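S.K.: Dropping in model10.cif, with mmCIF, C-alpha atoms.
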```cif
data_structure
#
loop_
_atom_site.label_atom_id
_atom_site.label_comp_id
_atom_site.auth_asym_id
_atom_site.auth_seq_id
_atom_site.Cartn_x
_atom_site.Cartn_y
_atom_site.Cartn_z
CA MET A 1 -20.81 71.62 -17.62
CA THR A 2 -17.89 72.10 -15.25
CA PHE A 3 -18.05 68.37 -14.39
CA LEU A 4 -17.89 67.41 -18.10
CA ILE A 5 -14.91 69.68 -18.73
CA ASN A 6 -13.04 68.16 -15.79
CA LYS A 7 -13.73 64.63 -17.06
CA LEU A 8 -12.49 65.47 -20.55
CA SER A 9 -9.36 67.06 -19.16
CA MET A 10 -8.67 63.80 -17.32
CA LEU A 11 -9.21 61.62 -20.41
CA PHE A 12 -7.11 63.63 -22.89
CA PRO A 13 -3.88 63.42 -20.86
CA LEU A 14 -4.42 59.64 -20.59
CA ASN A 15 -4.95 59.45 -24.35
CA ARG A 16 -1.76 61.44 -25.00
CA MET A 17 0.16 59.28 -22.51
CA LEU A 18 -0.98 56.05 -24.21
CA ARG A 19 0.09 57.39 -27.64
CA LYS A 20 3.54 58.17 -26.29
CA ASN A 21 3.97 54.91 -24.33
CA LYS A 22 3.34 51.97 -26.67
CA PHE A 23 4.10 49.42 -23.98
CA LEU A 24 1.51 50.89 -21.62
CA SER A 25 -1.01 50.96 -24.44
CA PHE A 26 -0.35 47.30 -25.28
CA LEU A 27 -0.58 46.33 -21.61
CA LEU A 28 -3.95 48.05 -21.24
CA ILE A 29 -5.38 46.40 -24.37
CA PHE A 30 -4.02 42.99 -23.32
CA THR A 31 -5.54 43.32 -19.84
CA ILE A 32 -8.95 44.27 -21.21
CA ALA A 33 -8.83 41.38 -23.72
CA LEU A 34 -7.79 38.92 -20.98
CA ILE A 35 -10.64 40.00 -18.72
CA GLY A 36 -13.08 39.66 -21.60
CA PHE A 37 -11.78 36.19 -22.51
CA ASN A 38 -12.06 34.98 -18.91
CA LEU A 39 -15.61 36.29 -18.66
CA ILE A 40 -16.61 34.47 -21.85
CA LEU A 41 -14.86 31.28 -20.65
CA LYS A 42 -16.66 31.53 -17.32
CA ILE A 43 -20.02 31.80 -19.07
CA LEU A 44 -19.30 28.83 -21.35
CA THR A 45 -17.81 26.61 -18.62
CA VAL A 46 -19.89 24.33 -16.39
CA GLU A 47 -18.30 23.78 -12.97
CA ILE A 48 -19.20 20.64 -11.02
CA PRO A 49 -17.51 19.92 -7.68
CA VAL A 50 -16.82 16.19 -7.47
CA TYR A 51 -15.75 14.79 -4.10
CA GLY A 52 -13.77 11.57 -3.60
CA PHE A 53 -14.35 10.33 -0.05
CA HIS A 54 -12.98 7.06 1.33
CA ASP A 55 -13.85 5.70 4.77
CA ILE A 56 -16.49 7.42 6.93
CA ILE A 57 -15.86 7.00 10.66
CA ASN A 58 -17.74 7.72 13.87
CA LEU A 59 -15.22 9.32 16.22
CA GLU A 60 -17.66 8.91 19.10
CA ASN A 61 -17.21 5.13 18.81
CA PRO A 62 -14.04 3.95 20.64
CA GLN A 63 -13.80 1.00 18.22
CA GLU A 64 -13.14 3.43 15.36
CA ASN A 65 -10.30 5.30 17.07
CA PRO A 66 -6.64 4.39 17.71
CA PRO A 67 -5.37 2.06 19.05
CA ARG A 68 -8.36 -0.13 18.14
CA ARG A 69 -8.41 1.14 14.59
CA GLN A 70 -5.62 2.60 12.49
CA SER A 71 -6.16 6.25 11.56
CA PHE A 72 -5.92 7.44 7.93
CA SER A 73 -5.77 10.97 6.51
CA THR A 74 -8.60 10.14 4.09
CA ASP A 75 -11.01 9.28 6.92
CA TYR A 76 -13.95 11.66 7.30
CA LYS A 77 -16.16 12.04 10.33
CA GLN A 78 -19.71 10.76 9.91
CA GLN A 79 -21.21 13.66 11.86
CA ASP A 80 -19.49 16.24 9.63
CA PHE A 81 -20.38 14.30 6.50
CA GLU A 82 -24.06 14.45 7.46
CA VAL A 83 -23.88 18.21 8.09
CA PHE A 84 -22.19 18.66 4.68
CA LEU A 85 -24.89 16.72 2.81
CA ASP A 86 -27.62 18.40 4.83
CA SER A 87 -26.36 21.81 3.68
CA LEU A 88 -26.29 20.71 0.04
CA LEU A 89 -29.82 19.32 0.22
CA ARG A 90 -31.08 22.45 1.95
CA ASP A 91 -29.58 24.52 -0.89
CA ASN A 92 -31.30 22.24 -3.45
CA TYR A 93 -28.17 20.83 -5.09
CA TRP A 94 -28.51 18.28 -7.86
CA PHE A 95 -26.68 15.12 -6.69
CA MET A 96 -25.39 13.89 -10.02
CA THR A 97 -24.39 10.38 -11.04
CA THR A 98 -21.55 9.48 -13.39
CA GLN A 99 -24.12 8.78 -16.09
CA ASP A 100 -25.76 12.18 -15.53
CA ILE A 101 -22.47 13.98 -16.13
CA TYR A 102 -21.80 11.88 -19.21
CA ASP A 103 -25.30 12.16 -20.70
CA TYR A 104 -25.78 15.90 -20.21
CA PHE A 105 -22.24 17.26 -20.55
CA LEU A 106 -19.72 14.80 -22.02
CA SER A 107 -21.49 12.57 -24.54
CA PRO A 108 -21.01 13.32 -28.26
CA GLU A 109 -24.82 13.31 -28.38
CA LYS A 110 -25.69 15.27 -25.25
CA LYS A 111 -29.18 14.96 -23.82
CA PRO A 112 -31.13 18.08 -22.83
CA ILE A 113 -30.97 18.75 -19.08
CA PRO A 114 -34.30 17.88 -17.43
CA LYS A 115 -36.43 20.92 -16.66
CA GLU A 116 -36.43 20.22 -12.91
CA ASN A 117 -32.60 20.27 -12.83
CA GLN A 118 -31.90 23.26 -15.07
CA LYS A 119 -31.64 25.88 -12.31
CA GLN A 120 -30.04 23.64 -9.69
CA LYS A 121 -26.42 23.87 -8.59
CA LYS A 122 -24.54 20.63 -9.21
CA VAL A 123 -22.42 18.30 -7.11
CA MET A 124 -21.22 14.69 -7.22
CA ILE A 125 -20.32 12.73 -4.07
CA THR A 126 -18.15 9.66 -4.62
CA PHE A 127 -16.54 6.97 -2.47
CA ASP A 128 -13.47 4.93 -3.41
CA ASP A 129 -12.44 1.41 -2.32
CA GLY A 130 -15.83 0.16 -1.09
CA TYR A 131 -15.38 0.22 2.68
CA GLU A 132 -18.07 -1.34 4.87
CA SER A 133 -18.81 2.11 6.31
CA ILE A 134 -20.74 2.77 3.09
CA HIS A 135 -23.40 0.44 4.48
CA THR A 136 -23.00 1.15 8.21
CA HIS A 137 -22.39 4.93 8.20
CA VAL A 138 -23.25 6.42 4.80
CA LEU A 139 -26.53 4.67 4.00
CA PRO A 140 -28.14 5.61 7.37
CA VAL A 141 -27.20 9.27 6.75
CA LEU A 142 -28.76 9.16 3.28
CA LYS A 143 -31.95 7.65 4.70
CA ARG A 144 -32.23 10.22 7.49
CA LEU A 145 -31.77 13.09 5.04
CA GLU A 146 -34.31 11.62 2.62
CA LYS A 147 -36.84 11.50 5.45
CA LYS A 148 -36.01 15.11 6.42
CA TYR A 149 -36.09 16.67 2.93
CA ARG A 150 -38.21 14.11 1.05
CA LYS A 151 -35.59 13.81 -1.66
CA LYS A 152 -32.61 11.55 -2.22
CA ALA A 153 -28.94 12.42 -2.08
CA LYS A 154 -27.45 9.84 -4.44
CA VAL A 155 -23.77 8.88 -4.11
CA VAL A 156 -21.31 7.20 -6.49
CA LEU A 157 -19.40 4.13 -5.30
CA PHE A 158 -16.18 3.24 -7.12
CA ILE A 159 -15.76 -0.42 -6.14
CA ASN A 160 -12.99 -3.05 -6.34
CA PRO A 161 -15.18 -6.16 -6.75
CA ALA A 162 -12.35 -8.58 -5.87
CA PHE A 163 -12.59 -7.32 -2.27
CA LEU A 164 -16.38 -7.39 -1.82
CA GLY A 165 -17.24 -8.68 1.65
CA LYS A 166 -13.57 -9.19 2.59
CA HIS A 167 -12.63 -8.69 6.25
CA GLY A 168 -9.06 -9.95 6.11
CA VAL A 169 -7.72 -6.62 4.85
CA VAL A 170 -6.78 -3.40 6.69
CA LEU A 171 -10.43 -2.32 6.83
CA PRO A 172 -13.51 -4.46 6.11
CA LYS A 173 -15.19 -3.99 2.74
CA VAL A 174 -18.84 -3.75 1.80
CA SER A 175 -20.50 -6.94 0.54
CA CYS A 176 -22.40 -7.54 -2.68
CA SER A 177 -25.69 -7.99 -0.80
CA GLU A 178 -25.14 -4.65 0.97
CA LEU A 179 -24.47 -2.94 -2.37
CA ARG A 180 -27.63 -4.45 -3.80
CA LYS A 181 -29.67 -3.14 -0.88
CA GLY A 182 -28.50 0.49 -1.25
CA TYR A 183 -28.76 0.32 -5.04
CA GLN A 184 -32.29 -1.09 -4.96
CA GLU A 185 -33.34 1.72 -2.61
CA GLY A 186 -32.05 4.27 -5.11
CA PHE A 187 -29.10 5.70 -3.14
CA TYR A 188 -26.12 4.25 -5.06
CA ASP A 189 -24.53 4.67 -8.46
CA ILE A 190 -22.09 1.74 -8.64
CA GLN A 191 -18.99 2.06 -10.81
CA SER A 192 -15.52 0.55 -11.19
CA HIS A 193 -12.28 1.21 -9.32
CA GLY A 194 -10.47 -1.66 -11.03
CA LEU A 195 -10.61 -5.29 -9.95
CA ASN A 196 -7.83 -5.34 -7.32
CA HIS A 197 -6.97 -1.63 -6.85
CA GLU A 198 -3.80 -1.97 -8.93
CA ASN A 199 -1.84 1.05 -10.13
CA LEU A 200 -2.90 0.81 -13.78
CA THR A 201 0.25 2.56 -15.00
CA HIS A 202 2.53 -0.07 -13.43
CA ILE A 203 1.11 -3.33 -14.77
CA PRO A 204 1.51 -5.15 -18.13
CA GLN A 205 -1.11 -4.77 -20.83
CA LYS A 206 -2.63 -8.21 -20.21
CA ALA A 207 -3.05 -7.49 -16.49
CA LEU A 208 -4.47 -4.05 -17.34
CA GLU A 209 -7.09 -5.63 -19.57
CA LYS A 210 -8.06 -8.03 -16.79
CA GLU A 211 -8.27 -5.28 -14.15
CA LEU A 212 -10.69 -3.32 -16.33
CA SER A 213 -12.79 -6.07 -17.92
CA GLU A 214 -13.15 -8.35 -14.88
CA ALA A 215 -14.10 -5.45 -12.61
CA GLN A 216 -16.86 -4.56 -15.02
CA LYS A 217 -18.11 -8.14 -15.32
CA GLN A 218 -18.15 -8.79 -11.58
CA LEU A 219 -19.93 -5.55 -10.73
CA ARG A 220 -22.63 -6.28 -13.29
CA LYS A 221 -22.97 -9.83 -11.98
CA CYS A 222 -23.40 -8.49 -8.43
CA LEU A 223 -26.17 -6.09 -9.53
CA GLN A 224 -27.77 -8.55 -11.94
CA GLY A 225 -31.50 -8.03 -12.24
CA LEU A 226 -31.43 -4.52 -10.72
CA ASP A 227 -29.54 -2.50 -13.34
CA LYS A 228 -32.47 -1.63 -15.63
CA ASN A 229 -30.57 1.09 -17.54
CA ASN A 230 -27.30 -0.84 -17.92
CA THR A 231 -25.19 1.85 -16.28
CA VAL A 232 -23.37 -0.21 -13.63
CA GLY A 233 -19.64 -0.46 -14.35
CA THR A 234 -19.64 2.00 -17.25
CA HIS A 235 -17.36 4.58 -15.58
CA LEU A 236 -14.03 4.27 -13.78
CA ALA A 237 -12.04 6.00 -11.04
CA TYR A 238 -8.31 5.33 -11.49
CA PRO A 239 -6.76 3.68 -8.40
CA PHE A 240 -4.30 6.14 -6.81
CA GLY A 241 -5.43 8.63 -9.49
CA ALA A 242 -2.72 7.11 -11.72
CA VAL A 243 -3.20 7.33 -15.47
CA ASN A 244 -1.23 7.76 -18.68
CA PRO A 245 -2.11 7.78 -22.42
CA GLN A 246 -1.70 4.00 -22.75
CA VAL A 247 -4.07 3.40 -19.83
CA VAL A 248 -6.61 5.83 -21.29
CA LYS A 249 -6.44 4.07 -24.66
CA THR A 250 -7.34 0.76 -22.97
CA VAL A 251 -9.89 2.28 -20.56
CA SER A 252 -11.77 3.86 -23.47
CA ARG A 253 -12.58 0.39 -24.81
CA TYR A 254 -14.50 -0.51 -21.66
CA TYR A 255 -15.63 2.71 -19.96
CA LEU A 256 -17.32 5.97 -20.95
CA SER A 257 -15.30 8.18 -18.59
CA GLY A 258 -12.41 8.14 -16.11
CA TYR A 259 -12.00 10.07 -12.85
CA LEU A 260 -8.77 11.32 -11.27
CA TYR A 261 -8.00 12.20 -7.65
CA ASN A 262 -6.22 15.53 -7.84
CA SER A 263 -8.01 18.17 -5.71
CA LYS A 264 -9.34 20.15 -8.66
CA MET A 265 -12.76 21.39 -9.73
CA LEU A 266 -14.36 19.64 -12.69
CA LYS A 267 -14.71 22.34 -15.36
CA ILE A 268 -16.55 21.24 -18.47
CA TRP A 269 -16.28 23.09 -21.75
CA TRP A 270 -15.98 22.09 -25.38
CA ARG A 271 -12.46 20.63 -25.02
CA THR A 272 -13.02 18.56 -21.87
CA ASN A 273 -11.37 15.12 -22.02
CA ARG A 274 -13.82 12.72 -20.38
CA TYR A 275 -10.99 10.37 -19.33
CA TYR A 276 -9.26 13.00 -17.18
CA LEU A 277 -12.07 14.21 -14.94
CA PRO A 278 -10.82 15.78 -11.68
CA ARG A 279 -12.10 15.26 -8.15
CA PHE A 280 -11.57 17.01 -4.85
CA THR A 281 -9.78 14.98 -2.17
CA PRO A 282 -11.50 15.56 1.21
CA ASN A 283 -9.63 14.50 4.34
CA ARG A 284 -10.10 14.36 8.10
CA TYR A 285 -8.59 17.84 8.56
CA GLN A 286 -11.14 19.68 6.41
CA SER A 287 -14.12 21.29 8.09
CA VAL A 288 -17.63 21.34 6.67
CA ARG A 289 -17.19 25.06 6.10
CA GLN A 290 -14.10 24.42 3.98
CA LEU A 291 -15.87 21.78 1.90
CA LEU A 292 -18.82 24.11 1.31
CA SER A 293 -16.43 26.88 0.27
CA GLN A 294 -14.83 24.47 -2.21
CA THR A 295 -18.26 23.48 -3.52
CA SER A 296 -19.17 27.09 -4.29
CA GLY A 297 -15.83 27.75 -5.96
CA GLY A 298 -14.43 29.78 -3.08
CA TRP A 299 -10.91 29.82 -1.66
CA PHE A 300 -9.86 29.06 1.90
#
```
The structure given in the file should be rewritten as structure tokens.

M.R.:
Amino acid sequence: MTFLINKLSMLFPLNRMLRKNKFLSFLLIFTIALIGFNLILKILTVEIPVYGFHDIINLENPQENPPRRQSFSTDYKQQDFEVFLDSLLRDNYWFMTTQDIYDYFLSPEKKPIPKENQKQKKVMITFDDGYESIHTHVLPVLKRLEKKYRKKAKVVLFINPAFLGKHGVVLPKVSCSELRKGYQEGFYDIQSHGLNHENLTHIPQKALEKELSEAQKQLRKCLQGLDKNNTVGTHLAYPFGAVNPQVVKTVSRYYLSGYLYNSKMLKIWWRTNRYYLPRFTPNRYQSVRQLLSQTSGGWF
């Protein structure tokens, strides 16, 4: 009884104080409403970490270090990349494709999530520009991890088909035959990064149309006979992450979705614009621990 009296004596002064101070009362109500709104939003929002890697390098190989090879901030160490994927597989992540995200979360007619994926955490691993390291460094990692866990970690490749097999550029690019090999083995989801890696916001409309349509045609020609579900070249990652409303208007005539490069978590709710999908931007300075913290929605 004494405890109850003490509690009531604490509440009544607060009640009297709130009646006298309208601003404090409003602030309290606003704070409670804001917390409630954020909780509801959190429940209704699906978060999917999407990573945009570029070149994967083996720092233990002298040929892949300066001065024999130019260093780039977007390089990521093969050994760390394998540890990162190993952790995700061990934690039973669902390695989503671009079509998975579209079909189950973005399409006007969403498909029901398969029973085996319903309780899994989600992630999407992507690579831009189509470097040869996809075949020499990434594919071997994917095969080793499949053998270890008896399940595949599928990755998304955003490719510039005009450069397939080219070695006269800064870094050599993957070839069509190498793409076909990884795709046939079930490790690749192959999508468009534009034909020539042009900044789509800086070119005339006619050139924009060519960048989008020709990239799609050439990718589908490369994978001809293997793409049973007709999903190759149906999604796009904007070169340099550059996009504007005019680009989106044109992109929407050829592709089902468009991906940015802006170091943000993909958060899907009822108002998500499928042509402005964010991706994290991993670089050589990020540790595996930092990437895993990002994946789980943590801060570092």

S.K.: Which residue gives the smallest distance to Gly194 in chain A among A:Gln290, A:Asn273, A:Thr234, A:Ser296, with all atoms listed in the file counted?

M.R.: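 Among the listed residues, A:Thr234 lies closest to Gly194 in chain A.
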
S.K.: Which residues are near range 56-64 of chain A? Cut-off 8 Å, only C-alpha atoms, ignore same chain within fewer than 6 positions. Put them as a PyMOL selection string.

M.R.: chain A and resi 75-79+81+133-134+137-138

S.K.: Could you save the residues just selected, with C-alpha atoms, as an mmCIF file, in the frame of the given file?

M.R.:
```
data_model
loop_
_atom_site.group_PDB
_atom_site.id
_atom_site.type_symbol
_atom_site.label_atom_id
_atom_site.label_comp_id
_atom_site.auth_asym_id
_atom_site.auth_seq_id
_atom_site.Cartn_x
_atom_site.Cartn_y
_atom_site.Cartn_z
ATOM 1 C CA ASP A 75 -11.010 9.280 6.920
ATOM 2 C CA TYR A 76 -13.950 11.660 7.300
ATOM 3 C CA LYS A 77 -16.160 12.040 10.330
ATOM 4 C CA GLN A 78 -19.710 10.760 9.910
ATOM 5 C CA GLN A 79 -21.210 13.660 11.860
ATOM 6 C CA PHE A 81 -20.380 14.300 6.500
ATOM 7 C CA SER A 133 -18.810 2.110 6.310
ATOM 8 C CA ILE A 134 -20.740 2.770 3.090
ATOM 9 C CA HIS A 137 -22.390 4.930 8.200
ATOM 10 C CA VAL A 138 -23.250 6.420 4.800
#
```

S.K.: Starting from the displayed file, determine the output of the PyMOL selection byres ((chain A and resi 96-105) around 10) and express the residue list as number ranges by chain.

M.R.: A: 46, 48, 50, 93-95, 106-114, 122-126, 153-157, 188-191, 231-232, 234-236, 256-259, 268-270, 272, 274

S.K.: Would you kindly translate the PyMOL selection byres ((chain A and resi 213) around 10) into the concrete residues it picks from this file, as a list in words?

M.R.: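 Checked against the file, the PyMOL selection byres ((chain A and resi 213) around 10) matches Ser192, Gly194, Leu195, Ala207, Leu208, Glu209, Lys210, Glu211, Leu212, Glu214, Ala215, Gln216, Lys217, Gln218, Gly233, Val251, Arg253, Tyr254 and Tyr255 of chain A.
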
S.K.: Draw an axis-aligned box tight on the listed atoms of range 115-118 of chain A, then pad every side by 5 Å and write out centre and edge lengths in Å to one decimal as AutoDock Vina command-line options.

M.R.:
```
--center_x -34.2 --center_y 21.7 --center_z -14.7 --size_x 14.5 --size_y 13.0 --size_z 13.8
```

S.K.: As an exercise, work out the distance from CA of Ala237 in chain A to CA of His193 in chain A in Å and give it to one decimal place.

M.R.: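 Atom-to-atom, CA of Ala237 in chain A and CA of His193 in chain A are spaced 5.1 Å apart.
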
S.K.: So the first atom is CA of Gln118 in chain A and the second is CA of Asp91 in chain A; what is the distance between them in Å, to one decimal place?

M.R.: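 Computing it gives 14.4 Å between the two atoms.
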
S.K.: For the structure provided, state which residues fall under the PyMOL selection byres ((chain A and resi 263) around 10), and present them as number ranges by chain.

M.R.: A: 49-52, 260-262, 264-266, 278-282, 294

S.K.: State, in Å with one decimal place, the distance from CA of Thr201 in chain A to CA of Asn244 in chain A.

M.R.: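 The value is 6.5 Å.
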
S.K.: Between A:Ser177, A:Leu277, A:Asp128, A:Cys222, single out the one closest to Val243 in chain A, counting only C-alpha atoms.

M.R.: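 Of the candidates, the smallest distance to Val243 in chain A is held by A:Leu277.
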
S.K.: Name all residues at most 9 Å from Leu226 in chain A (count all atoms listed in the file; drop same-chain ones fewer than 5 positions away) and give them as an mmCIF file with C-alpha atoms, keeping the file's coordinate frame.

M.R.:
```cif
data_model
loop_
_atom_site.group_PDB
_atom_site.id
_atom_site.type_symbol
_atom_site.label_atom_id
_atom_site.label_comp_id
_atom_site.auth_asym_id
_atom_site.auth_seq_id
_atom_site.Cartn_x
_atom_site.Cartn_y
_atom_site.Cartn_z
ATOM 1 C CA ARG A 180 -27.630 -4.450 -3.800
ATOM 2 C CA TYR A 183 -28.760 0.320 -5.040
ATOM 3 C CA GLN A 184 -32.290 -1.090 -4.960
#
```

S.K.: Determine the nearest neighbour of Asn199 in chain A from the options A:Arg69, A:Gly241, A:Phe187, A:Ser175, counting only C-alpha atoms.

M.R.: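 Checking each candidate against Asn199 in chain A, we get A:Gly241 as the closest.
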
S.K.: Looking at all atoms listed in the file, which of A:Gln286, A:Thr136, A:Asn117, A:Gln205 is the one that sits closest to Lys173 in chain A?

M.R.: A:Thr136
